[in-house]
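Participant: Below you'll find work-v1.txt; it's compact mmCIF, C-alpha atoms.
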# COMPACT_ATOMS: atom_id res chain seq x y z
CA MET A 18 -38.56 3.11 74.47
CA ALA A 19 -35.56 3.72 72.22
CA LEU A 20 -32.36 5.24 73.54
CA SER A 21 -33.03 8.96 73.97
CA PHE A 22 -30.50 11.76 74.21
CA THR A 23 -32.87 14.10 76.04
CA VAL A 24 -32.47 14.94 79.72
CA LYS A 25 -35.43 13.50 81.63
CA ASP A 26 -37.07 15.49 84.42
CA ALA A 27 -37.03 12.97 87.27
CA HIS A 28 -38.81 14.80 90.08
CA THR A 29 -42.02 12.74 89.77
CA ILE A 30 -40.39 9.31 89.87
CA MET A 31 -38.00 10.47 92.60
CA THR A 32 -40.98 11.62 94.65
CA LEU A 33 -42.69 8.23 94.26
CA MET A 34 -39.51 6.30 95.12
CA GLY A 35 -38.91 8.51 98.14
CA ARG A 36 -42.46 8.20 99.40
CA MET A 37 -42.38 4.39 99.14
CA ALA A 38 -39.06 4.44 100.99
CA THR A 39 -40.45 6.51 103.84
CA GLY A 40 -43.80 4.74 104.20
CA ASN A 41 -45.94 7.53 102.74
CA GLU A 42 -46.93 5.34 99.79
CA THR A 43 -47.74 1.62 99.50
CA LEU A 44 -46.02 -0.66 97.00
CA THR A 45 -46.89 0.78 93.60
CA VAL A 46 -45.80 -0.30 90.16
CA VAL A 47 -42.92 1.86 88.94
CA ASP A 48 -42.09 2.37 85.27
CA ALA A 49 -38.39 3.17 84.74
CA THR A 50 -38.82 4.21 81.09
CA GLY A 51 -36.29 6.84 80.13
CA PHE A 52 -34.49 7.02 83.45
CA VAL A 53 -31.93 4.21 83.28
CA SER A 54 -29.93 2.80 80.41
CA THR A 55 -29.51 -0.90 79.75
CA GLY A 56 -27.60 -0.25 76.58
CA THR A 57 -28.36 -0.46 72.90
CA THR A 58 -26.48 -1.80 69.94
CA ILE A 59 -28.39 0.58 67.67
CA LYS A 60 -26.49 3.84 67.24
CA GLN A 61 -27.69 7.08 65.71
CA MET A 62 -24.18 8.01 64.58
CA GLY A 63 -22.23 6.81 61.58
CA THR A 64 -19.98 3.76 61.74
CA GLU A 65 -16.54 2.94 60.44
CA THR A 66 -16.19 0.72 57.37
CA VAL A 67 -14.10 -2.24 58.58
CA PHE A 68 -16.40 -3.72 61.24
CA ASN A 69 -19.41 -1.44 60.73
CA THR A 70 -19.98 -1.69 64.48
CA LEU A 71 -18.01 1.24 65.93
CA SER A 72 -19.16 4.84 65.86
CA THR A 73 -16.88 7.20 64.01
CA VAL A 74 -16.94 10.01 66.64
CA PHE A 75 -17.89 10.72 70.02
CA ASN A 76 -18.84 12.40 80.46
CA ARG A 77 -33.16 24.34 125.65
CA LEU A 78 -34.50 24.46 122.52
CA ILE A 79 -34.64 21.06 120.81
CA VAL A 80 -34.22 21.10 117.08
CA ALA A 81 -35.42 17.71 115.76
CA SER A 82 -32.86 17.14 113.04
CA ARG A 83 -30.14 14.53 112.50
CA ALA A 84 -27.91 14.05 109.52
CA TYR A 85 -28.95 11.12 107.32
CA LYS A 86 -26.46 9.01 105.39
CA ARG A 87 -27.99 7.24 102.42
CA ASN A 88 -27.94 3.49 101.89
CA LEU A 89 -27.20 1.78 98.55
CA TYR A 90 -23.96 3.64 97.97
CA LEU A 91 -22.13 0.57 96.63
CA MET A 92 -23.12 1.31 93.04
CA ASP A 93 -21.79 4.87 93.10
CA ALA A 94 -19.17 4.07 90.55
CA MET A 95 -18.07 7.16 88.75
CA ASP A 96 -18.24 10.89 88.21
CA THR A 97 -18.45 11.28 84.46
CA GLY A 98 -19.05 15.01 84.33
CA VAL A 99 -21.73 16.92 82.48
CA TYR A 100 -20.06 16.39 79.08
CA SER A 101 -19.71 12.61 79.43
CA ALA A 102 -23.27 11.36 79.68
CA LEU A 103 -22.92 9.23 76.56
CA ILE A 104 -20.89 6.13 77.28
CA ARG A 105 -19.49 3.77 74.64
CA LYS A 106 -18.54 0.28 75.74
CA ILE A 107 -16.66 -1.97 73.34
CA SER A 108 -16.44 -5.73 73.86
CA PHE A 109 -15.05 -8.45 71.61
CA TYR A 110 -16.47 -11.75 70.43
CA SER A 111 -14.65 -14.94 71.31
CA ASP A 112 -12.70 -16.90 68.71
CA ASP A 113 -12.29 -20.65 68.34
CA PRO A 114 -8.94 -22.37 67.72
CA MET A 115 -7.93 -22.89 64.11
CA PRO A 116 -6.49 -25.98 62.44
CA THR A 117 -2.71 -26.07 62.52
CA GLY A 118 -0.63 -25.48 59.42
CA ALA A 119 2.63 -26.40 61.16
CA SER A 120 2.20 -30.16 60.75
CA ASN A 121 0.53 -32.79 58.63
CA THR A 122 -2.54 -33.89 60.58
CA ASP A 123 -5.56 -36.12 60.21
CA LEU A 124 -7.40 -33.12 58.79
CA PHE A 125 -4.88 -31.40 56.53
CA THR A 126 -1.79 -32.27 54.53
CA ASN A 127 0.34 -29.13 54.72
CA PHE A 128 3.65 -30.60 53.58
CA ALA A 129 3.93 -32.45 50.27
CA GLU A 130 6.16 -32.25 47.24
CA GLY A 131 5.10 -29.42 44.99
CA PHE A 132 2.79 -27.76 47.57
CA THR A 133 3.05 -24.00 47.94
CA ALA A 134 2.13 -21.61 50.74
CA GLY A 135 -1.61 -21.54 51.28
CA GLN A 136 -4.25 -23.97 50.10
CA ASN A 137 -3.27 -26.88 47.83
CA GLY A 138 -5.08 -29.68 46.08
CA VAL A 139 -8.71 -30.66 46.26
CA ASP A 140 -10.26 -33.52 48.24
CA ALA A 141 -11.77 -36.02 45.82
CA ILE A 142 -14.91 -36.45 47.92
CA THR A 143 -15.62 -33.08 49.51
CA GLY A 144 -13.97 -30.86 46.96
CA ASP A 145 -12.28 -28.89 49.76
CA PRO A 146 -8.59 -27.91 49.79
CA VAL A 147 -6.35 -30.45 51.54
CA SER A 148 -4.08 -27.85 53.20
CA THR A 149 -4.69 -24.75 55.32
CA LYS A 150 -4.71 -21.20 54.06
CA SER A 151 -1.59 -19.01 54.01
CA GLN A 152 -0.19 -16.85 56.77
CA TRP A 153 -1.96 -13.85 55.22
CA GLU A 154 -5.45 -15.11 56.09
CA GLN A 155 -7.15 -12.23 57.96
CA HIS A 156 -8.60 -12.80 61.42
CA ARG A 157 -9.60 -9.65 63.31
CA LYS A 158 -11.39 -9.71 66.64
CA VAL A 159 -14.99 -8.72 65.96
CA PRO A 160 -16.09 -5.89 68.26
CA LEU A 161 -19.49 -5.20 69.80
CA GLU A 162 -20.29 -1.62 70.76
CA MET A 163 -22.96 -0.81 73.33
CA SER A 164 -24.18 2.75 73.82
CA PHE A 165 -25.47 4.00 77.18
CA PHE A 166 -27.12 7.36 77.79
CA SER A 167 -28.93 8.25 80.99
CA GLN A 168 -29.59 11.78 82.21
CA ALA A 169 -32.26 12.42 84.82
CA GLU A 170 -32.51 15.79 86.49
CA TRP A 171 -34.31 17.30 89.48
CA GLN A 172 -34.00 20.30 91.76
CA TYR A 173 -34.41 21.20 95.40
CA GLY A 174 -35.10 24.75 96.51
CA ILE A 175 -34.92 26.35 99.94
CA THR A 176 -35.83 29.86 101.07
CA LEU A 177 -33.59 31.67 103.54
CA ASP A 178 -35.14 34.65 105.33
CA GLU A 179 -32.85 37.55 106.02
CA ASP A 180 -34.21 39.05 109.23
CA ARG A 181 -37.84 38.14 110.01
CA ILE A 182 -37.66 34.95 112.09
CA GLU A 183 -35.07 36.07 114.65
CA ILE A 184 -37.87 37.38 116.89
CA ALA A 185 -39.06 33.79 117.46
CA PHE A 186 -35.91 32.98 119.47
CA ARG A 187 -34.53 34.21 122.78
CA ASN A 188 -30.97 34.67 121.64
CA GLU A 189 -28.49 34.18 118.86
CA GLU A 190 -27.49 30.66 120.05
CA GLU A 191 -31.09 29.40 119.73
CA PHE A 192 -31.45 30.98 116.31
CA ASN A 193 -28.20 29.38 115.14
CA ARG A 194 -29.38 25.95 116.29
CA TYR A 195 -32.70 26.42 114.51
CA PHE A 196 -30.97 27.52 111.34
CA ALA A 197 -28.54 24.57 111.47
CA GLY A 198 -31.46 22.13 111.80
CA TYR A 199 -33.33 23.91 109.01
CA LEU A 200 -30.43 23.38 106.62
CA GLU A 201 -29.69 19.85 107.86
CA GLU A 202 -33.21 18.65 107.07
CA HIS A 203 -32.88 20.19 103.64
CA ALA A 204 -29.68 18.17 103.21
CA ASN A 205 -31.48 15.05 104.47
CA ASP A 206 -34.17 15.46 101.80
CA ILE A 207 -31.43 15.62 99.17
CA GLU A 208 -29.69 12.54 100.60
CA THR A 209 -32.96 10.57 100.61
CA THR A 210 -33.47 11.42 96.94
CA HIS A 211 -29.96 10.25 96.09
CA GLU A 212 -30.77 6.96 97.78
CA ALA A 213 -34.05 6.76 95.85
CA TRP A 214 -32.13 7.17 92.57
CA ASN A 215 -29.78 4.33 93.46
CA ARG A 216 -32.74 2.20 94.53
CA LEU A 217 -34.37 2.88 91.16
CA ALA A 218 -31.24 1.59 89.42
CA LEU A 219 -31.06 -1.46 91.69
CA LEU A 220 -34.73 -2.26 91.09
CA ASN A 221 -34.32 -1.96 87.34
CA LYS A 222 -31.35 -4.33 87.46
CA VAL A 223 -33.27 -6.91 89.48
CA ALA A 224 -36.40 -6.67 87.32
CA SER A 225 -34.52 -6.58 84.01
CA ILE A 226 -32.68 -9.81 84.80
CA TYR A 227 -36.01 -11.51 85.41
CA ALA A 228 -37.58 -9.97 82.28
CA MET A 229 -34.57 -11.02 80.15
CA ARG A 230 -34.03 -14.38 81.89
CA SER A 231 -34.53 -16.43 78.71
CA ASP A 232 -31.45 -14.70 77.22
CA MET A 233 -29.40 -14.33 80.41
CA ASN A 234 -28.14 -17.93 80.60
CA GLY A 235 -29.21 -18.94 84.09
CA ALA A 236 -29.03 -15.49 85.70
CA ALA A 237 -32.46 -15.70 87.42
CA ILE A 238 -32.58 -18.43 90.08
CA ASP A 239 -35.73 -19.40 91.97
CA LEU A 240 -34.24 -20.71 95.20
CA VAL A 241 -37.45 -22.54 96.14
CA ALA A 242 -37.31 -24.60 92.95
CA ALA A 243 -33.54 -25.05 93.31
CA TYR A 244 -33.86 -26.33 96.89
CA ASN A 245 -36.70 -28.71 96.09
CA SER A 246 -34.85 -30.00 93.04
CA LYS A 247 -31.70 -30.74 95.03
CA TYR A 248 -33.37 -32.45 97.98
CA GLY A 249 -36.43 -33.98 96.27
CA THR A 250 -38.86 -31.98 98.42
CA SER A 251 -41.90 -29.87 97.64
CA TYR A 252 -41.68 -27.10 100.22
CA THR A 253 -43.12 -23.65 99.64
CA GLY A 254 -41.13 -20.48 100.04
CA ASP A 255 -42.96 -19.70 103.27
CA GLN A 256 -41.99 -23.09 104.71
CA LEU A 257 -38.34 -22.56 103.78
CA ARG A 258 -38.37 -19.15 105.45
CA THR A 259 -39.92 -20.48 108.65
CA THR A 260 -40.12 -24.21 109.45
CA TYR A 261 -37.04 -25.23 107.45
CA ARG A 262 -35.19 -21.95 107.82
CA LYS A 263 -31.98 -23.49 109.22
CA GLU A 264 -31.70 -26.02 106.39
CA PHE A 265 -32.45 -23.34 103.81
CA LEU A 266 -29.81 -20.98 105.21
CA GLY A 267 -27.17 -23.68 104.80
CA PHE A 268 -28.33 -24.27 101.23
CA PHE A 269 -28.27 -20.54 100.51
CA VAL A 270 -24.71 -20.07 101.75
CA ALA A 271 -23.45 -23.04 99.75
CA THR A 272 -25.27 -21.80 96.64
CA VAL A 273 -23.87 -18.27 96.88
CA ARG A 274 -20.31 -19.52 97.41
CA GLN A 275 -20.65 -21.78 94.40
CA LEU A 276 -22.09 -18.99 92.24
CA SER A 277 -19.26 -16.68 93.28
CA ASP A 278 -16.77 -19.27 92.05
CA TYR A 279 -18.69 -19.72 88.81
CA MET A 280 -18.74 -15.96 88.16
CA ALA A 281 -14.95 -15.93 88.22
CA GLU A 282 -14.90 -18.35 85.28
CA ARG A 283 -14.78 -16.99 81.73
CA ASN A 284 -17.87 -18.24 79.92
CA ASN A 285 -21.28 -17.16 78.63
CA LEU A 286 -23.20 -17.88 81.85
CA TYR A 287 -25.21 -15.31 83.84
CA HIS A 288 -25.28 -12.59 81.17
CA TRP A 289 -26.63 -11.82 77.72
CA ASP A 290 -23.82 -13.09 75.52
CA VAL A 291 -25.11 -11.36 72.34
CA PRO A 292 -24.63 -14.43 70.09
CA LYS A 293 -23.54 -13.67 66.54
CA THR A 294 -22.79 -15.86 63.54
CA ILE A 295 -19.27 -15.15 62.25
CA ASN A 296 -18.03 -17.12 59.24
CA GLY A 297 -20.79 -19.65 59.77
CA VAL A 298 -20.00 -20.19 63.46
CA THR A 299 -21.99 -18.75 66.38
CA GLN A 300 -19.72 -16.78 68.70
CA SER A 301 -20.45 -15.10 72.04
CA ILE A 302 -19.31 -12.30 74.27
CA LEU A 303 -17.54 -14.14 77.08
CA ARG A 304 -17.22 -12.57 80.52
CA HIS A 305 -15.56 -13.33 83.82
CA THR A 306 -15.95 -11.48 87.11
CA PRO A 307 -12.94 -11.79 89.45
CA TYR A 308 -13.78 -12.05 93.13
CA ASP A 309 -12.79 -8.44 93.86
CA LYS A 310 -15.14 -7.18 91.12
CA GLN A 311 -18.21 -8.97 92.52
CA ARG A 312 -20.90 -7.00 94.38
CA PHE A 313 -23.48 -8.52 96.74
CA TYR A 314 -26.85 -6.94 97.53
CA LEU A 315 -28.66 -9.14 100.07
CA TYR A 316 -32.02 -8.66 101.79
CA ASN A 317 -30.79 -8.42 105.37
CA ARG A 318 -34.17 -8.79 107.08
CA PHE A 319 -34.14 -12.48 106.21
CA PHE A 320 -30.59 -12.97 107.46
CA ILE A 321 -30.61 -10.72 110.50
CA ASP A 322 -31.05 -13.55 113.03
CA ALA A 323 -28.29 -15.60 111.40
CA GLU A 324 -26.11 -12.77 110.14
CA SER A 325 -23.15 -13.79 112.28
CA GLU A 326 -23.29 -17.25 110.70
CA VAL A 327 -24.19 -16.44 107.11
CA LEU A 328 -21.92 -13.53 106.24
CA PRO A 329 -18.62 -15.05 107.48
CA GLU A 330 -19.40 -18.13 105.41
CA ILE A 331 -19.96 -16.08 102.26
CA PHE A 332 -17.11 -13.60 102.73
CA HIS A 333 -14.25 -15.96 103.46
CA ASP A 334 -10.73 -17.03 102.48
CA ASP A 335 -9.72 -13.45 101.61
CA LYS A 336 -11.57 -13.76 98.30
CA LEU A 337 -14.37 -11.34 99.14
CA ASP A 338 -14.22 -8.16 101.25
CA ILE A 339 -17.44 -7.61 103.21
CA LYS A 340 -16.61 -3.94 103.78
CA LYS A 341 -16.20 -3.13 100.09
CA GLN A 342 -18.39 -5.65 98.27
CA TYR A 343 -21.48 -6.18 100.43
CA GLN A 344 -24.54 -3.94 100.60
CA PRO A 345 -27.34 -4.91 103.00
CA VAL A 346 -30.75 -4.06 101.57
CA THR A 347 -33.43 -3.32 104.15
CA PHE A 348 -36.13 -3.12 101.47
CA TRP A 349 -36.19 -3.32 97.68
CA GLN A 350 -38.99 -0.95 96.68
CA SER A 351 -41.42 -0.05 99.46
CA ILE A 352 -41.71 -0.46 103.22
CA LYS A 353 -45.50 -0.75 102.89
CA SER A 354 -47.48 -3.21 100.82
CA ALA A 355 -51.00 -3.09 99.46
CA THR A 356 -51.11 -6.91 99.65
CA SER A 357 -50.16 -9.60 102.13
CA GLY A 358 -46.65 -10.85 102.73
CA ASP A 359 -43.36 -9.14 103.50
CA ALA A 360 -43.68 -5.76 101.78
CA ARG A 361 -39.96 -5.06 102.03
CA ALA A 362 -39.09 -8.19 100.03
CA GLN A 363 -41.56 -7.52 97.20
CA ILE A 364 -41.12 -5.70 93.91
CA ASN A 365 -43.63 -4.46 91.34
CA PHE A 366 -41.54 -2.80 88.67
CA LYS A 367 -41.61 -2.20 84.93
CA PRO A 368 -37.97 -2.22 83.84
CA VAL A 369 -36.06 -0.84 80.90
CA ILE A 370 -34.44 -3.74 79.02
CA THR A 371 -32.45 -4.36 75.86
CA ASN A 372 -34.38 -6.11 73.11
CA THR A 373 -32.13 -9.07 72.30
CA SER A 374 -33.55 -9.37 68.78
CA THR A 375 -33.13 -5.77 67.65
CA GLY A 376 -30.47 -4.53 70.05
CA ALA A 377 -32.65 -1.52 70.94
CA GLN A 378 -33.41 -0.30 74.43
CA GLU A 379 -37.09 -0.53 75.34
CA THR A 380 -39.52 -0.88 78.21
CA ALA A 381 -40.58 -4.38 79.22
CA ALA A 382 -44.08 -5.27 78.09
CA ASN A 383 -45.18 -6.25 81.61
CA ALA A 384 -44.27 -5.26 85.12
CA VAL A 385 -42.11 -7.75 87.02
CA VAL A 386 -43.93 -8.79 90.20
CA LEU A 387 -41.90 -10.90 92.64
CA PRO A 388 -43.10 -11.74 96.15
CA TYR A 389 -39.67 -12.31 97.69
CA VAL A 390 -36.29 -11.11 96.43
CA LEU A 391 -33.35 -12.43 98.43
CA GLY A 392 -30.41 -10.91 96.65
CA LEU A 393 -28.42 -9.80 93.66
CA ILE A 394 -24.83 -10.73 92.83
CA CYS A 395 -23.31 -8.77 89.98
CA ASP A 396 -20.19 -7.50 88.31
CA VAL A 397 -19.24 -3.98 89.40
CA ASP A 398 -19.71 -2.88 85.76
CA ALA A 399 -23.20 -4.37 85.54
CA LEU A 400 -24.78 -1.75 87.81
CA MET A 401 -23.44 1.78 88.08
CA THR A 402 -24.83 5.19 88.91
CA ASN A 403 -22.92 8.24 87.83
CA PHE A 404 -22.93 11.83 88.96
CA GLU A 405 -23.01 14.13 85.96
CA LEU A 406 -23.94 17.47 87.49
CA GLU A 407 -24.34 18.87 90.99
CA ARG A 408 -24.49 22.59 91.51
CA VAL A 409 -25.86 25.17 93.94
CA ASP A 410 -27.07 28.62 92.89
CA THR A 411 -28.26 31.33 95.28
CA THR A 412 -30.28 34.37 94.30
CA ALA A 413 -29.62 37.92 95.43
CA PRO A 414 -31.83 39.19 98.30
CA GLU A 415 -35.40 40.00 97.32
CA ALA A 416 -35.38 43.75 97.87
CA ARG A 417 -38.97 44.08 99.07
CA LYS A 418 -39.49 40.89 101.11
CA HIS A 419 -35.92 40.23 102.29
CA TYR A 420 -35.30 36.59 101.49
CA ARG A 421 -32.98 34.54 99.31
CA ASN A 422 -33.60 31.32 97.42
CA THR A 423 -31.00 28.60 97.00
CA TRP A 424 -31.47 26.05 94.22
CA ASN A 425 -29.74 22.68 94.12
CA THR A 426 -29.66 21.03 90.70
CA PHE A 427 -28.83 17.36 90.32
CA ARG A 428 -28.30 15.36 87.16
CA ARG A 429 -27.77 11.63 87.52
CA GLY A 430 -27.28 8.66 85.23
CA ALA A 431 -27.69 4.91 85.65
CA VAL A 432 -25.90 2.34 83.49
CA LEU A 433 -27.10 -1.26 83.66
CA ASP A 434 -25.19 -3.56 81.33
CA PRO A 435 -26.90 -6.91 80.61
CA THR A 436 -23.70 -8.23 78.98
CA GLU A 437 -21.94 -8.25 82.38
CA LYS A 438 -22.48 -11.14 84.79
CA SER A 439 -25.42 -10.75 87.20
CA ILE A 440 -27.42 -13.27 89.21
CA LEU A 441 -30.87 -12.64 90.70
CA LEU A 442 -31.79 -14.80 93.70
CA TYR A 443 -35.53 -14.86 94.42
CA MET A 444 -38.27 -17.05 95.89
CA ALA A 445 -41.29 -17.43 93.63
CA SER A 446 -43.59 -18.35 96.52
Please, can you express the file's structure as structure tokens?
Facilitator:
Amino acid sequence: MALSFTVKDAHTIMTLMGRMATGNETLTVVDATGFVSTGTTIKQMGTETVFNTLSTVFNRLIVASRAYKRNLYLMDAMDTGVYSALIRKISFYSDDPMPTGASNTDLFTNFAEGFTAGQNGVDAITGDPVSTKSQWEQHRKVPLEMSFFSQAEWQYGITLDEDRIEIAFRNEEEFNRYFAGYLEEHANDIETTHEAWNRLALLNKVASIYAMRSDMNGAAIDLVAAYNSKYGTSYTGDQLRTTYRKEFLGFFVATVRQLSDYMAERNNLYHWDVPKTINGVTQSILRHTPYDKQRFYLYNRFFIDAESEVLPEIFHDDKLDIKKQYQPVTFWQSIKSATSGDARAQINFKPVITNTSTGAQETAANAVVLPYVLGLICDVDALMTNFELERVDTTAPEARKHYRNTWNTFRRGAVLDPTEKSILLYMAS
């Protein structure tokens, strides 16, 4: 699906995500079309005339209720406001060094009697100039603009009776407790939906990395294959999670620490580098993710028995802050599965991706089905949810039936940038 500038009504997909999260629905394929944005290089606005890549214009009564605090808050990155749903992100292609004109070298003769500024002479064999160009040779950084637009909207309504239900309680204190619980559960429903939205974004990020893995330069890592390759074994994922669990945990910690170091390097690994031929040379978008910009989403059910050993080994040496950069994930998509295996570790998801040939945003041809997802490491800018609108409107009393309605309207966005470093860690068996 191409990038759309229409607000999407998200109540259906939010209902499905919420029901899978609460156990009312088994693991079901989810199609994220239209709800998240992985970015597009195709713009529907005009462009300037120098690079032709930047847009020219463009935010004793027991009341059974307890407050619920949502999980997956780590990606809550920004409040863009209702007028800032369209996001432009400009990156720049890397440049290679150029031959020196300050000396005579094995490649060019820049100083010789009679030579002038700029190119001089012609090589007898190649026919090329024997000196470099002048100081006026133009070399601008070539920009890449990505456009992100994601607006999904849903509402919650609640009816407040003016005077009819007081007779069900013995006194004002009981009524007040009932009313407080009534409103708190309404708030809990809203909080669960916010978590479902963030889970939708997280799932799309995980699935899109796998779907785009051929262009993501090593971003999708099957830890079963990686372990067997390193140690010359042929274990299955189930064996590594049970019989050889201790050995695999050590391998996992070492792998994550190494990947964290690699992410801090500036290169074209672990992201779509959008290769482009400039003056006959293929250039890339190079990225680096400093330690404090790295985010870790790890499936904590696998690590819970060894959490005191694993986490201190990963978050160490003051490079990584477990309180700010780590998000335990108790399940990825559903707490119930229609098949065998660990339902909480499985995904069955049809992600929105960026077509690396056309630059357009579209839906993956096939759903990504993975039996065991262990974690995601990503740049803070690779996965963000934004809060564009949140408002509450209450009606006047209904004159005949004596009730009021309160409507909560939510508009959310999700920005998933494949040009920022991200690493999916999964077990294919």
Participant: Provide the atom CA of Pro116 of chain A to atom CA of Trp153 of chain A distance in Å, to one decimal place.
Facilitator: 14.8 Å
Participant: Identify, on the basis of only C-alpha atoms, every residue whose closest approach to Glu154 of chain A does not exceed 12 Å; exclude the query and any residue fewer than 6 positions from it along the same chain; express the result as a ChimeraX atom specification.
Facilitator: /A:115,118,134-136
Participant: Write out as an MDAnalysis selection string each polymer residue whose atoms come within 12 Å of Thr294 of chain A, counting all atoms listed in the file; drop sequence neighbours fewer than 3 positions from it.
Facilitator: chainID A and resid 110:112 159 291 297:302
Participant: Leaving out segment 316-325 of chain A and any residue of its chain fewer than 3 positions from it, which residues lie within 8 Å of it when counting all atoms listed in the file, given as a PyMOL selection string?
Facilitator: chain A and resi 258+328-329+345-349+362+390-392
Participant: Just give me the gap between atom CA of Ala224 of chain A and atom CA of Glu282 of chain A in Å, one decimal is fine.
Facilitator: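 Pair atom CA of Ala224 of chain A / atom CA of Glu282 of chain A returns 24.6 Å.
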Participant: Taking into account all atoms listed in the file, which residue in the set A:Ser164, A:Ala237, A:Arg262, A:Val327 is nearest to Gln378 of chain A?
Facilitator: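 Distance minimum relative to Gln378 of chain A lands on A:Ser164.
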Participant: Show me the residues close to (-19.5, -16.4, 77.4) - anything with an atom within 7 Å, counting all atoms listed in the file - and format the list as a ChimeraX atom specification.
Facilitator: /A:283-286,290,301-304
Participant: Here is a test: counting all atoms listed in the file, which residue of A:Glu326, A:Asp145, A:Asp178, A:Glu437 is nearest to Ile394 of chain A?
Facilitator: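 Ranked by minimum distance to Ile394 of chain A, first place goes to A:Glu437.
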Participant: By how many Å are atom CA of Leu257 of chain A and atom CA of Arg230 of chain A apart?
Facilitator: 23.8 Å
Participant: Near Ala228 of chain A, counting only C-alpha atoms, which residues have an atom at most 9 Å away, once you skip same-chain residues fewer than 3 positions from it, shown as a PyMOL selection string?
Facilitator: chain A and resi 223-225+231+368+370+381+383-385
Participant: Can you pull out the residues contacting Asp359 of chain A? Cut-off 10 Å, using all atoms listed in the file, and skip same-chain residues under 3 positions away; I want them as a VMD selection string.
Facilitator: chain A and resid 318 348 352 to 354 356 362 to 363 388 to 389
Participant: Please, which residues in segment 148-255 of chain A fall within 10 Å of segment 408-413 of chain A when counting only C-alpha atoms, and what is the closest atom pair and distance in Å to one decimal for each, ordered by chain then residue number, as JSON lines?
Facilitator:
{"residue": "A:Gln172", "atom": "CA", "partner": "A:Val409", "partner_atom": "CA", "distance": 9.7}
{"residue": "A:Tyr173", "atom": "CA", "partner": "A:Val409", "partner_atom": "CA", "distance": 9.5}
{"residue": "A:Gly174", "atom": "CA", "partner": "A:Thr411", "partner_atom": "CA", "distance": 9.6}
{"residue": "A:Ile175", "atom": "CA", "partner": "A:Thr411", "partner_atom": "CA", "distance": 9.5}
{"residue": "A:Thr176", "atom": "CA", "partner": "A:Thr411", "partner_atom": "CA", "distance": 9.6}
{"residue": "A:Leu177", "atom": "CA", "partner": "A:Thr411", "partner_atom": "CA", "distance": 9.8}
Participant: Around all the atoms of segment 191-206 of chain A listed in the file, draw an axis-aligned box and extend it by 8 Å on each of the six sides; I want its centre and edge lengths in Å to one decimal, as lines of an AutoDock Vina configuration file.
Facilitator:
center_x = -31.2
center_y = 23.0
center_z = 110.8
size_x = 22.0
size_y = 31.9
size_z = 33.9
Participant: Under the rule that all atoms listed in the file are counted, which of A:Pro146, A:Pro292, A:Pro114, A:Gly138 is the nearest residue to Asn234 of chain A?
Facilitator: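 Of the candidates, the smallest distance to Asn234 of chain A is held by A:Pro292.
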Participant: Taking all atoms listed in the file into account, which of A:Ala271, A:Met280, A:Val147, A:Ile142 comes nearest Thr126 of chain A?
Facilitator: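 Distance minimum relative to Thr126 of chain A lands on A:Val147.
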Participant: Of the residues A:Met229, A:Tyr261, A:Ile238, A:Ser167, which is the one nearest to Ala382 of chain A, using all atoms listed in the file?
Facilitator: A:Met229
Participant: Kindly provide, as a CSV table (one decimal) with C-alpha atoms, in the frame of the given file, the polymer residues lying within 12 Å of (-36.7, -26.5, 90.8), counting all atoms listed in the file and using the coordinates exactly as they appear in the file.
Facilitator:
chain,number,residue,atom,x,y,z
A,238,ILE,CA,-32.6,-18.4,90.1
A,239,ASP,CA,-35.7,-19.4,92.0
A,240,LEU,CA,-34.2,-20.7,95.2
A,241,VAL,CA,-37.4,-22.5,96.1
A,242,ALA,CA,-37.3,-24.6,93.0
A,243,ALA,CA,-33.5,-25.0,93.3
A,244,TYR,CA,-33.9,-26.3,96.9
A,245,ASN,CA,-36.7,-28.7,96.1
A,246,SER,CA,-34.8,-30.0,93.0
A,247,LYS,CA,-31.7,-30.7,95.0
A,248,TYR,CA,-33.4,-32.4,98.0
A,249,GLY,CA,-36.4,-34.0,96.3
A,250,THR,CA,-38.9,-32.0,98.4
A,251,SER,CA,-41.9,-29.9,97.6
A,252,TYR,CA,-41.7,-27.1,100.2
A,253,THR,CA,-43.1,-23.6,99.6
A,254,GLY,CA,-41.1,-20.5,100.0
A,444,MET,CA,-38.3,-17.0,95.9
A,445,ALA,CA,-41.3,-17.4,93.6
